[in-house]
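**Q** Got a file for you: coords.txt, compact mmCIF, C-alpha atoms.
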```
# COMPACT_ATOMS: atom_id res chain seq x y z
CA MET J 4 91.28 188.02 70.71
CA ILE J 5 95.01 187.28 71.02
CA GLU J 6 94.32 185.20 74.12
CA LYS J 7 91.77 183.14 72.20
CA ARG J 8 94.19 182.36 69.38
CA ILE J 9 96.86 181.21 71.84
CA LYS J 10 94.34 178.83 73.39
CA ILE J 11 93.59 177.27 70.01
CA VAL J 12 97.27 176.60 69.39
CA GLU J 13 97.62 174.98 72.83
CA ASN J 14 94.73 172.64 72.07
CA ILE J 15 96.31 171.53 68.79
CA LEU J 16 99.57 170.71 70.52
CA ASN J 17 97.84 168.77 73.25
CA ALA J 18 95.82 166.75 70.75
CA ASN J 19 99.02 165.77 68.98
CA ASP J 20 100.73 164.74 72.22
CA GLN J 21 97.72 162.73 73.34
CA LEU J 22 97.61 160.92 70.03
CA ALA J 23 101.36 160.31 70.25
CA LEU J 24 100.79 158.55 73.59
CA LYS J 25 98.07 156.46 71.94
CA ASN J 26 100.40 155.54 69.08
CA ASN J 27 103.05 154.52 71.59
CA LYS J 28 100.64 152.30 73.52
CA ARG J 29 99.56 150.67 70.28
CA ILE J 30 103.19 149.84 69.35
CA GLU J 31 103.85 148.63 72.93
CA ASP J 32 100.78 146.39 72.83
CA ALA J 33 102.09 144.87 69.60
CA ASN J 34 105.35 144.14 71.43
CA ALA J 35 107.48 146.19 69.05
CA TYR J 36 110.15 148.84 69.50
CA SER J 37 109.99 152.11 67.55
CA ILE J 38 112.38 154.79 66.38
CA ASN J 39 111.83 158.33 65.12
CA LEU J 40 114.74 158.78 62.69
CA MET J 41 115.54 162.40 61.90
CA ALA J 42 118.21 164.15 59.80
CA SER J 43 118.94 166.85 57.24
CA PRO J 44 118.08 166.06 53.63
CA GLY J 45 120.65 163.64 52.26
CA ALA J 46 122.32 162.70 55.56
CA GLY J 47 121.67 159.03 54.79
CA LYS J 48 118.44 158.10 56.60
CA THR J 49 117.26 155.56 54.02
CA SER J 50 120.77 154.12 53.57
CA PHE J 51 121.01 153.70 57.35
CA ILE J 52 117.64 151.92 57.51
CA LEU J 53 118.70 149.65 54.62
CA ALA J 54 122.02 148.88 56.34
CA THR J 55 120.08 147.96 59.50
CA ILE J 56 117.57 145.78 57.59
CA ASN J 57 120.30 143.96 55.66
CA ALA J 58 122.40 143.31 58.77
CA LEU J 59 119.41 141.80 60.62
CA LEU J 60 118.07 139.72 57.68
CA ASP J 61 119.23 136.40 59.20
CA GLU J 62 118.04 137.22 62.72
CA ASN J 63 114.31 136.84 62.23
CA VAL J 64 113.61 140.53 62.88
CA GLN J 65 110.65 142.06 61.07
CA ILE J 66 111.04 145.81 60.49
CA GLY J 67 108.21 148.07 59.32
CA VAL J 68 109.18 151.44 57.90
CA ILE J 69 107.13 154.64 57.67
CA GLU J 70 108.63 157.03 55.11
CA GLY J 71 107.80 160.71 55.52
CA ASP J 72 108.11 162.89 52.43
CA THR J 73 106.87 166.37 51.57
CA ALA J 74 105.89 165.25 48.07
CA PRO J 75 104.13 162.20 46.59
CA VAL J 76 107.32 160.29 45.76
CA THR J 77 108.02 156.64 46.60
CA ILE J 78 111.79 156.65 46.01
CA ASP J 79 112.59 155.70 49.62
CA SER J 80 109.65 153.37 50.31
CA ASP J 81 110.42 151.49 47.06
CA LYS J 82 113.95 150.84 48.37
CA ILE J 83 112.57 149.43 51.65
CA SER J 84 110.10 147.19 49.81
CA ALA J 85 112.89 145.97 47.55
CA ALA J 86 114.81 145.01 50.71
CA GLY J 87 111.89 142.79 51.67
CA MET J 88 110.28 144.81 54.47
CA PRO J 89 106.85 146.46 54.62
CA ALA J 90 106.93 150.21 53.97
CA VAL J 91 104.31 152.95 54.07
CA GLN J 92 104.87 156.28 52.39
CA VAL J 93 103.35 159.36 54.06
CA ASN J 94 103.06 162.51 51.96
CA THR J 95 102.93 165.49 54.33
CA GLY J 96 101.63 167.73 51.52
CA GLY J 97 104.45 170.23 51.95
CA GLN J 98 104.54 170.17 55.77
CA CYS J 99 108.04 170.07 57.23
CA HIS J 100 107.49 167.24 59.72
CA LEU J 101 105.41 164.18 60.51
CA ASP J 102 102.83 164.39 63.29
CA ALA J 103 100.97 161.89 65.45
CA VAL J 104 97.90 161.80 63.16
CA MET J 105 100.00 160.83 60.16
CA ILE J 106 101.68 158.05 62.18
CA GLU J 107 98.31 156.79 63.43
CA ASN J 108 97.18 156.43 59.81
CA ALA J 109 100.46 154.87 58.69
CA LEU J 110 100.32 152.29 61.51
CA ASP J 111 96.96 151.13 60.09
CA GLN J 112 98.80 150.18 56.90
CA LEU J 113 101.54 148.13 58.60
CA PRO J 114 101.28 144.48 59.77
CA LEU J 115 102.02 145.69 63.29
CA GLY J 116 101.35 142.32 64.96
CA THR J 117 104.20 140.68 63.04
CA LEU J 118 106.77 143.46 63.55
CA ASN J 119 109.62 143.65 66.10
CA LEU J 120 110.66 147.14 65.09
CA VAL J 121 109.04 150.20 63.52
CA ILE J 122 111.35 152.83 62.04
CA VAL J 123 109.84 156.18 61.12
CA GLU J 124 111.93 158.13 58.64
CA ASN J 125 110.90 161.70 59.37
CA VAL J 126 111.02 164.53 56.81
CA GLY J 127 114.56 165.74 56.05
CA ASN J 128 114.79 168.74 58.36
CA LEU J 129 116.64 169.73 61.55
CA ILE J 130 113.99 172.08 62.92
CA CYS J 131 110.31 171.08 62.64
CA PRO J 132 110.53 167.34 63.50
CA ALA J 133 112.08 168.22 66.89
CA ALA J 134 108.85 169.99 67.90
CA PHE J 135 106.32 167.23 67.22
CA LYS J 136 105.95 164.01 69.20
CA ILE J 137 104.81 161.08 67.08
CA GLY J 138 104.73 158.30 69.67
CA THR J 139 107.96 156.38 69.08
CA HIS J 140 110.17 155.02 71.88
CA SER J 141 113.31 156.87 70.90
CA ASN J 142 114.54 159.84 68.92
CA VAL J 143 117.55 159.11 66.73
CA LEU J 144 119.36 161.76 64.69
CA ILE J 145 121.78 161.17 61.84
CA SER J 146 124.41 163.88 61.45
CA SER J 147 126.55 163.45 58.39
CA ILE J 148 130.20 164.51 58.12
CA PRO J 149 129.76 166.67 54.95
CA GLU J 150 127.20 168.85 56.81
CA GLY J 151 130.02 170.24 58.93
CA ASP J 152 131.00 170.22 62.59
CA ASP J 153 128.92 173.23 63.70
CA LYS J 154 125.44 171.69 63.45
CA PRO J 155 124.91 171.13 67.23
CA TYR J 156 125.61 174.82 67.77
CA LYS J 157 123.20 175.92 65.03
CA TYR J 158 120.33 173.47 65.58
CA PRO J 159 120.46 172.88 69.36
CA ASN J 160 116.79 171.93 69.86
CA ILE J 161 116.95 168.69 67.90
CA TYR J 162 120.11 167.55 69.73
CA ARG J 163 118.56 168.23 73.14
CA GLY J 164 115.74 165.72 72.62
CA LEU J 165 117.84 162.82 71.32
CA ASP J 166 118.27 159.32 72.71
CA VAL J 167 120.86 158.27 70.13
CA LEU J 168 123.09 160.14 67.69
CA ILE J 169 124.48 158.54 64.53
CA ILE J 170 127.45 160.25 62.88
CA ASN J 171 127.28 159.04 59.27
CA LYS J 172 129.61 159.14 56.23
CA ILE J 173 132.81 158.82 58.29
CA ASP J 174 134.42 157.38 55.12
CA LEU J 175 134.49 161.00 53.87
CA LEU J 176 136.51 162.31 56.85
CA PRO J 177 139.83 162.31 54.92
CA TYR J 178 138.36 164.66 52.29
CA LEU J 179 136.71 167.21 54.58
CA ASP J 180 137.65 169.65 57.33
CA PHE J 181 135.51 168.21 60.11
CA ASP J 182 136.70 168.83 63.69
CA MET J 183 135.27 165.84 65.58
CA ASP J 184 136.26 167.26 68.99
CA TYR J 185 134.43 170.54 68.29
CA PHE J 186 131.37 168.63 67.08
CA ARG J 187 131.30 166.30 70.11
CA LYS J 188 131.84 169.21 72.50
CA GLY J 189 128.75 170.90 71.06
CA VAL J 190 126.70 167.74 71.44
CA GLU J 191 127.94 167.10 75.00
CA MET J 192 126.91 170.62 76.02
CA LEU J 193 123.32 170.04 74.85
CA ASN J 194 122.89 166.38 75.73
CA PRO J 195 125.51 165.10 78.19
CA GLY J 196 126.45 161.45 77.81
CA LEU J 197 124.38 161.00 74.63
CA LYS J 198 124.78 157.51 73.12
CA THR J 199 126.67 158.07 69.86
CA PHE J 200 127.71 155.77 67.02
CA ALA J 201 130.06 156.84 64.23
CA VAL J 202 129.26 154.86 61.08
CA SER J 203 129.57 154.64 57.32
CA CYS J 204 126.62 153.11 55.51
CA LYS J 205 128.90 152.80 52.48
CA THR J 206 131.68 150.73 54.13
CA ASN J 207 129.51 149.36 56.99
CA ALA J 208 132.03 150.69 59.53
CA GLY J 209 130.45 151.08 62.97
CA ILE J 210 127.12 149.48 61.99
CA GLU J 211 127.81 146.46 64.23
CA ASP J 212 128.12 148.74 67.31
CA TRP J 213 124.76 150.33 66.48
CA LEU J 214 123.20 146.87 66.09
CA SER J 215 124.51 145.79 69.50
CA TRP J 216 122.53 148.66 71.03
CA LEU J 217 119.49 148.04 68.85
CA ARG J 218 119.32 144.28 69.55
CA MET J 219 118.94 145.00 73.27
CA LYS J 220 115.89 147.15 72.52
CA ILE J 221 114.05 144.89 70.07
CA PRO J 222 111.54 142.58 71.79
CA GLN J 223 111.46 138.94 70.73
CA LYS J 224 108.18 137.56 69.42
CA MET H 1 84.22 179.09 62.95
CA ILE H 2 86.43 177.18 60.54
CA GLU H 3 85.84 179.82 57.90
CA LYS H 4 86.95 182.52 60.30
CA ARG H 5 90.23 180.77 61.08
CA ILE H 6 90.99 180.33 57.38
CA LYS H 7 90.51 184.06 56.89
CA ILE H 8 93.01 184.84 59.63
CA VAL H 9 95.65 182.65 57.96
CA GLU H 10 95.06 184.38 54.62
CA ASN H 11 95.57 187.77 56.23
CA ILE H 12 98.88 186.70 57.74
CA LEU H 13 100.17 185.49 54.36
CA ASN H 14 99.07 188.68 52.63
CA ALA H 15 100.75 190.85 55.24
CA ASN H 16 104.01 188.99 54.68
CA ASP H 17 103.81 189.35 50.91
CA GLN H 18 102.96 193.06 51.17
CA LEU H 19 105.92 193.62 53.46
CA ALA H 20 108.13 191.61 51.08
CA LEU H 21 107.19 194.05 48.30
CA LYS H 22 108.06 196.94 50.62
CA ASN H 23 111.44 195.37 51.41
CA ASN H 24 112.10 194.94 47.70
CA LYS H 25 111.27 198.57 46.95
CA ARG H 26 113.58 199.68 49.75
CA ILE H 27 116.48 197.65 48.31
CA GLU H 28 115.68 198.91 44.79
CA ASP H 29 115.63 202.52 46.01
CA ALA H 30 119.07 201.97 47.54
CA ASN H 31 120.23 200.77 44.09
CA ALA H 32 121.27 197.35 45.35
CA TYR H 33 120.63 193.78 44.15
CA SER H 34 119.46 191.12 46.59
CA ILE H 35 119.56 187.34 46.86
CA ASN H 36 117.62 184.89 49.02
CA LEU H 37 120.15 182.06 49.48
CA MET H 38 118.60 178.77 50.55
CA ALA H 39 119.96 175.26 51.18
CA SER H 40 119.96 172.25 53.49
CA PRO H 41 122.01 172.52 56.67
CA GLY H 42 125.68 172.21 55.79
CA ALA H 43 125.34 172.56 52.00
CA GLY H 44 127.86 175.42 52.11
CA LYS H 45 125.82 178.64 52.19
CA THR H 46 128.30 180.61 54.31
CA SER H 47 131.31 179.22 52.40
CA PHE H 48 129.65 180.26 49.14
CA ILE H 49 129.01 183.80 50.44
CA LEU H 50 132.62 184.02 51.63
CA ALA H 51 133.91 182.78 48.25
CA THR H 52 131.80 185.47 46.56
CA ILE H 53 132.99 188.20 48.95
CA ASN H 54 136.65 187.26 48.55
CA ALA H 55 136.46 187.07 44.76
CA LEU H 56 134.92 190.55 44.56
CA LEU H 57 137.20 192.22 47.13
CA ASP H 58 139.17 194.17 44.50
CA GLU H 59 136.10 195.22 42.53
CA ASN H 60 134.68 197.85 44.85
CA VAL H 61 131.54 195.83 45.59
CA GLN H 62 129.98 196.27 49.03
CA ILE H 63 128.03 193.22 50.18
CA GLY H 64 125.72 193.20 53.20
CA VAL H 65 124.76 189.82 54.62
CA ILE H 66 121.71 188.85 56.68
CA GLU H 67 122.30 185.55 58.50
CA GLY H 68 119.21 183.57 59.50
CA ASP H 69 119.62 181.09 62.34
CA THR H 70 117.15 179.22 64.53
CA ALA H 71 119.29 179.83 67.61
CA PRO H 72 121.21 182.83 69.02
CA VAL H 73 124.57 181.88 67.49
CA THR H 74 126.88 184.19 65.58
CA ILE H 75 129.14 181.54 63.98
CA ASP H 76 128.21 182.55 60.41
CA SER H 77 127.86 186.31 60.91
CA ASP H 78 131.28 186.36 62.65
CA LYS H 79 132.81 184.81 59.52
CA ILE H 80 131.24 187.50 57.30
CA SER H 81 132.45 190.30 59.60
CA ALA H 82 135.93 188.77 59.60
CA ALA H 83 135.84 188.94 55.79
CA GLY H 84 135.27 192.69 56.10
CA MET H 85 131.59 192.98 55.20
CA PRO H 86 128.63 194.14 57.33
CA ALA H 87 126.56 191.25 58.71
CA VAL H 88 123.35 191.06 60.71
CA GLN H 89 122.34 187.91 62.55
CA VAL H 90 118.61 187.13 62.78
CA ASN H 91 117.53 184.57 65.36
CA THR H 92 114.18 183.11 64.24
CA GLY H 93 113.58 181.71 67.74
CA GLY H 94 113.14 178.17 66.46
CA GLN H 95 111.16 179.04 63.32
CA CYS H 96 112.23 177.15 60.21
CA HIS H 97 112.44 180.13 57.84
CA LEU H 98 112.97 183.87 57.61
CA ASP H 99 109.99 186.09 56.84
CA ALA H 100 109.51 189.62 55.53
CA VAL H 101 109.23 191.17 59.02
CA MET H 102 112.60 189.74 60.03
CA ILE H 103 114.19 191.08 56.84
CA GLU H 104 112.61 194.51 57.38
CA ASN H 105 114.24 194.65 60.83
CA ALA H 106 117.56 193.32 59.55
CA LEU H 107 117.67 195.93 56.75
CA ASP H 108 117.48 198.62 59.45
CA GLN H 109 120.80 197.34 60.78
CA LEU H 110 122.64 197.38 57.44
CA PRO H 111 124.28 200.43 55.77
CA LEU H 112 121.92 199.91 52.81
CA GLY H 113 122.90 203.15 51.06
CA THR H 114 126.51 201.98 50.66
CA LEU H 115 125.72 198.42 49.48
CA ASN H 116 125.65 197.03 45.94
CA LEU H 117 124.44 193.60 47.00
CA VAL H 118 122.44 192.14 49.89
CA ILE H 119 122.70 188.38 50.44
CA VAL H 120 120.19 186.80 52.81
CA GLU H 121 121.34 183.42 54.11
CA ASN H 122 118.05 181.73 54.93
CA VAL H 123 117.64 179.04 57.60
CA GLY H 124 119.08 175.65 56.58
CA ASN H 125 115.96 173.92 55.31
CA LEU H 126 114.50 172.76 51.96
CA ILE H 127 110.84 173.16 52.87
CA CYS H 128 109.76 176.24 54.86
CA PRO H 129 111.89 178.96 53.16
CA ALA H 130 110.23 178.12 49.81
CA ALA H 131 106.85 179.22 51.18
CA PHE H 132 107.75 182.71 52.45
CA LYS H 133 108.62 185.70 50.31
CA ILE H 134 111.13 188.05 51.91
CA GLY H 135 111.51 190.70 49.22
CA THR H 136 114.76 189.80 47.48
CA HIS H 137 115.28 189.97 43.70
CA SER H 138 116.19 186.33 43.21
CA ASN H 139 115.93 182.93 44.84
CA VAL H 140 119.17 180.94 44.79
CA LEU H 141 119.45 177.37 46.07
CA ILE H 142 122.65 175.51 46.90
CA SER H 143 122.42 171.75 46.42
CA SER H 144 125.49 169.90 47.60
CA ILE H 145 126.82 166.69 46.08
CA PRO H 146 126.88 164.69 49.38
CA GLU H 147 123.12 165.27 49.80
CA GLY H 148 122.48 162.92 46.89
CA ASP H 149 121.02 163.17 43.41
CA ASP H 150 117.34 162.66 44.37
CA LYS H 151 116.70 165.99 46.09
CA PRO H 152 114.74 167.64 43.23
CA TYR H 153 112.35 164.68 43.28
CA LYS H 154 111.88 164.83 47.07
CA TYR H 155 111.74 168.61 47.60
CA PRO H 156 110.12 169.84 44.36
CA ASN H 157 108.59 173.05 45.74
CA ILE H 158 111.88 174.79 46.47
CA TYR H 159 113.26 173.96 43.00
CA ARG H 160 110.15 175.31 41.27
CA GLY H 161 110.66 178.83 42.63
CA LEU H 162 114.36 179.20 41.82
CA ASP H 163 116.13 181.75 39.64
CA VAL H 164 119.57 180.16 40.05
CA LEU H 165 120.80 176.77 41.24
CA ILE H 166 124.31 176.24 42.63
CA ILE H 167 125.61 172.66 42.74
CA ASN H 168 128.30 172.78 45.44
CA LYS H 169 131.10 170.44 46.64
CA ILE H 170 131.82 169.05 43.17
CA ASP H 171 135.33 168.25 44.48
CA LEU H 172 133.66 165.32 46.32
CA LEU H 173 132.21 163.77 43.11
CA PRO H 174 134.97 161.11 42.87
CA TYR H 175 134.09 159.79 46.34
CA LEU H 176 130.30 159.61 46.01
CA ASP H 177 127.66 157.91 43.88
CA PHE H 178 126.02 161.01 42.46
CA ASP H 179 124.26 160.65 39.10
CA MET H 180 124.46 164.17 37.63
CA ASP H 181 122.17 163.30 34.69
CA TYR H 182 119.46 162.02 37.03
CA PHE H 183 119.79 165.12 39.22
CA ARG H 184 119.65 167.54 36.28
CA LYS H 185 116.70 165.68 34.74
CA GLY H 186 114.77 166.18 37.99
CA VAL H 187 115.61 169.89 38.05
CA GLU H 188 114.71 170.36 34.37
CA MET H 189 111.28 168.79 34.96
CA LEU H 190 110.49 171.29 37.72
CA ASN H 191 112.19 174.39 36.38
CA PRO H 192 113.04 174.15 32.66
CA GLY H 193 116.16 176.03 31.59
CA LEU H 194 117.12 176.98 35.16
CA LYS H 195 120.46 178.83 35.32
CA THR H 196 122.84 176.40 37.04
CA PHE H 197 126.44 176.67 38.22
CA ALA H 198 128.47 173.69 39.44
CA VAL H 199 131.09 174.87 41.92
CA SER H 200 133.44 173.93 44.71
CA CYS H 201 133.93 176.53 47.42
CA LYS H 202 136.98 174.53 48.52
CA THR H 203 138.87 174.54 45.19
CA ASN H 204 137.10 177.65 43.76
CA ALA H 205 136.12 175.65 40.66
CA GLY H 206 133.16 177.21 38.86
CA ILE H 207 133.07 180.34 41.06
CA GLU H 208 134.19 182.56 38.17
CA ASP H 209 131.16 181.46 36.07
CA TRP H 210 128.84 182.36 38.95
CA LEU H 211 130.54 185.75 39.30
CA SER H 212 130.05 186.47 35.58
CA TRP H 213 126.31 186.10 36.12
CA LEU H 214 126.33 188.04 39.39
CA ARG H 215 128.37 190.98 38.02
CA MET H 216 125.64 191.60 35.42
CA LYS H 217 123.06 191.92 38.21
CA ILE H 218 124.96 194.16 40.62
CA PRO H 219 124.25 197.87 40.06
CA GLN H 220 127.20 200.24 40.08
CA LYS H 221 127.15 203.09 42.59
```
Could I get this file's structure written as structure tokens?

**A**
Amino acid sequence: MIEKRIKIVENILNANDQLALKNNKRIEDANAYSINLMASPGAGKTSFILATINALLDENVQIGVIEGDTAPVTIDSDKISAAGMPAVQVNTGGQCHLDAVMIENALDQLPLGTLNLVIVENVGNLICPAAFKIGTHSNVLISSIPEGDDKPYKYPNIYRGLDVLIINKIDLLPYLDFDMDYFRKGVEMLNPGLKTFAVSCKTNAGIEDWLSWLRMKIPQK
Amino acid sequence: MIEKRIKIVENILNANDQLALKNNKRIEDANAYSINLMASPGAGKTSFILATINALLDENVQIGVIEGDTAPVTIDSDKISAAGMPAVQVNTGGQCHLDAVMIENALDQLPLGTLNLVIVENVGNLICPAAFKIGTHSNVLISSIPEGDDKPYKYPNIYRGLDVLIINKIDLLPYLDFDMDYFRKGVEMLNPGLKTFAVSCKTNAGIEDWLSWLRMKIPQK
């Protein structure tokens, strides 16, 4: 009986991973790059996407955004639409992460053929999103200064699977006790040599460095 | 087949709730009060517990703390021990919340008979902890100012089940765009008349108001 239940769980995971591969091929075929953007609640995911959109406005880059929320709210997707880019809101119905099925459905709602970049804003959470592939090219995490310098030590799994780390809200450093060396040591232990950008979406500090990396990834159409 | 799997899930939920009731009776029998403290990562759960411990040091209140983490780290429980109170660290093994079984095991490790108050620091997460009863008397959420004023709108479930809300890091209000009226309106919609304390664990502002409430709940021994 126990053995049977374990088998069912394995099948679910495999189905998700297979569908993630399919999502990835679909984005590849459309000649677009894609990012799975993860963070705690309030770390600045939407602000970071808006800073990226605004900085690339004059560069003929079309960015589609998939907004994951646990409730039927369009606060974030409204902001993306107002910035002039197509956005799809996915309500997970209380689930703590997006999965490959949700992304498959969201991709149907985006003008994929016209896009150079797809950014998926995952549900605000440092645990569940790390366990589910959705089919994007890279995993990007935003850690924000007010969350404290011990997060890599407490949530190691999400740091292990990252391609890029964004340290956000560096404008608040003067007002907080954040030991950057301790933080970076924790990250280095889990993910040696991880590409990291320290930014402030409020002052735009560091955003240009992030864009230099991003521009190299975005295919031209 | 589908019907059978649904039944299994129902049984698991019921077992948790039954065990939560058992945990609650055990704490009641020991003549202690108990709190399920929830928050996003880095909202200040441990700092808030430490502020509470330190403020009550001269009042003959014994506080036991159960620290939930998704990884085998003792950063938070070490801080509680250093403050002179008994602490138990629970590693959820990657799970995004504590459950009643974990609390049952943790209670075994605490000197329950000597305690007036048990504080459970749940895993840093605004989604999963809201769905699992653990057997405490009250649900307390810490929302921190840097997380932004839209959290009640985005994570409604956790606000609905609260007995007390702590708004932390109010010392950072001058440096952030946080609309307190918008935030409170969102909370009021979900949980009318919710007991709320605005505090700073850094400056100790508001902590005395919280203690006035807490002192009324803590049984004398």

**Q** Taking into account all atoms listed in the file, which residue in the set H:Ile66, H:Ala30, H:Ala51, H:Leu172 is nearest to Trp210 in chain H?

**A**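 So, comparing all the options, the nearest one is H:Ala51.
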
**Q** Find the residues around range 183-193 of chain H up to 8 Å (only C-alpha atoms counted), leave out those fewer than 2 positions away in its own chain, and share them as a list in words.

**A**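 Final neighbour list, sorted by chain and number: Asp149, Asp150, Lys151, Pro152, Tyr153, Pro156, Tyr159, Arg160, Gly161, Leu162, Asp179, Met180, Asp181 and Lys195 of chain H.
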
**Q** For chain J, work out the contacting residues on chain H at 7 Å, counting all atoms listed in the file, and write them as a list in words.

**A**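 Every residue of chain H that passes the 7 Å test is in Ser40, Pro41, Gly42, Ala43, Asp69, Thr70, Ala71, Val73, Cys96, Asn125, Ile127, Cys128, Pro146, Glu147, Gly148, Lys154 and Tyr155 of chain H.
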
**Q** Which value, in Å to one decimal, gives the distance between CA of Asn24 in chain H and CA of Leu50 in chain H?

**A**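 We find that CA of Asn24 in chain H and CA of Leu50 in chain H lie 23.6 Å from each other.
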
**Q** Rounded to one decimal, what separation in Å do you get between CA of Leu110 in chain J and CA of Val68 in chain J?

**A**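 Answer for the CA of Leu110 in chain J to CA of Val68 in chain J separation: 9.6 Å.
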
**Q** Tell me, as a PDB file with C-alpha atoms, in the coordinates of the input, which residues lie within 9 Å of range 215-218 of chain H, counting only C-alpha atoms; anything in the same chain fewer than 6 positions away does not count.

**A**
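For reference, selection.pdb as written:
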```pdb
ATOM      1  CA  ASN H  31     120.230 200.770  44.090  1.00  0.00           C
ATOM      2  CA  ALA H  32     121.270 197.350  45.350  1.00  0.00           C
ATOM      3  CA  TYR H  33     120.630 193.780  44.150  1.00  0.00           C
ATOM      4  CA  SER H  34     119.460 191.120  46.590  1.00  0.00           C
ATOM      5  CA  VAL H  61     131.540 195.830  45.590  1.00  0.00           C
ATOM      6  CA  ASN H 116     125.650 197.030  45.940  1.00  0.00           C
ATOM      7  CA  LEU H 117     124.440 193.600  47.000  1.00  0.00           C
TER       8      LEU H 117
END
```

**Q** Between CA of Gly64 in chain H and CA of Asp29 in chain H, what is the spacing in Å?

**A** 15.5 Å

**Q** So which residues touch Asp212 in chain J within 10 Å, counting only C-alpha atoms, skipping near sequence neighbours fewer than 4 positions away, as number ranges by chain?

**A** J: 199-202, 208, 216-217
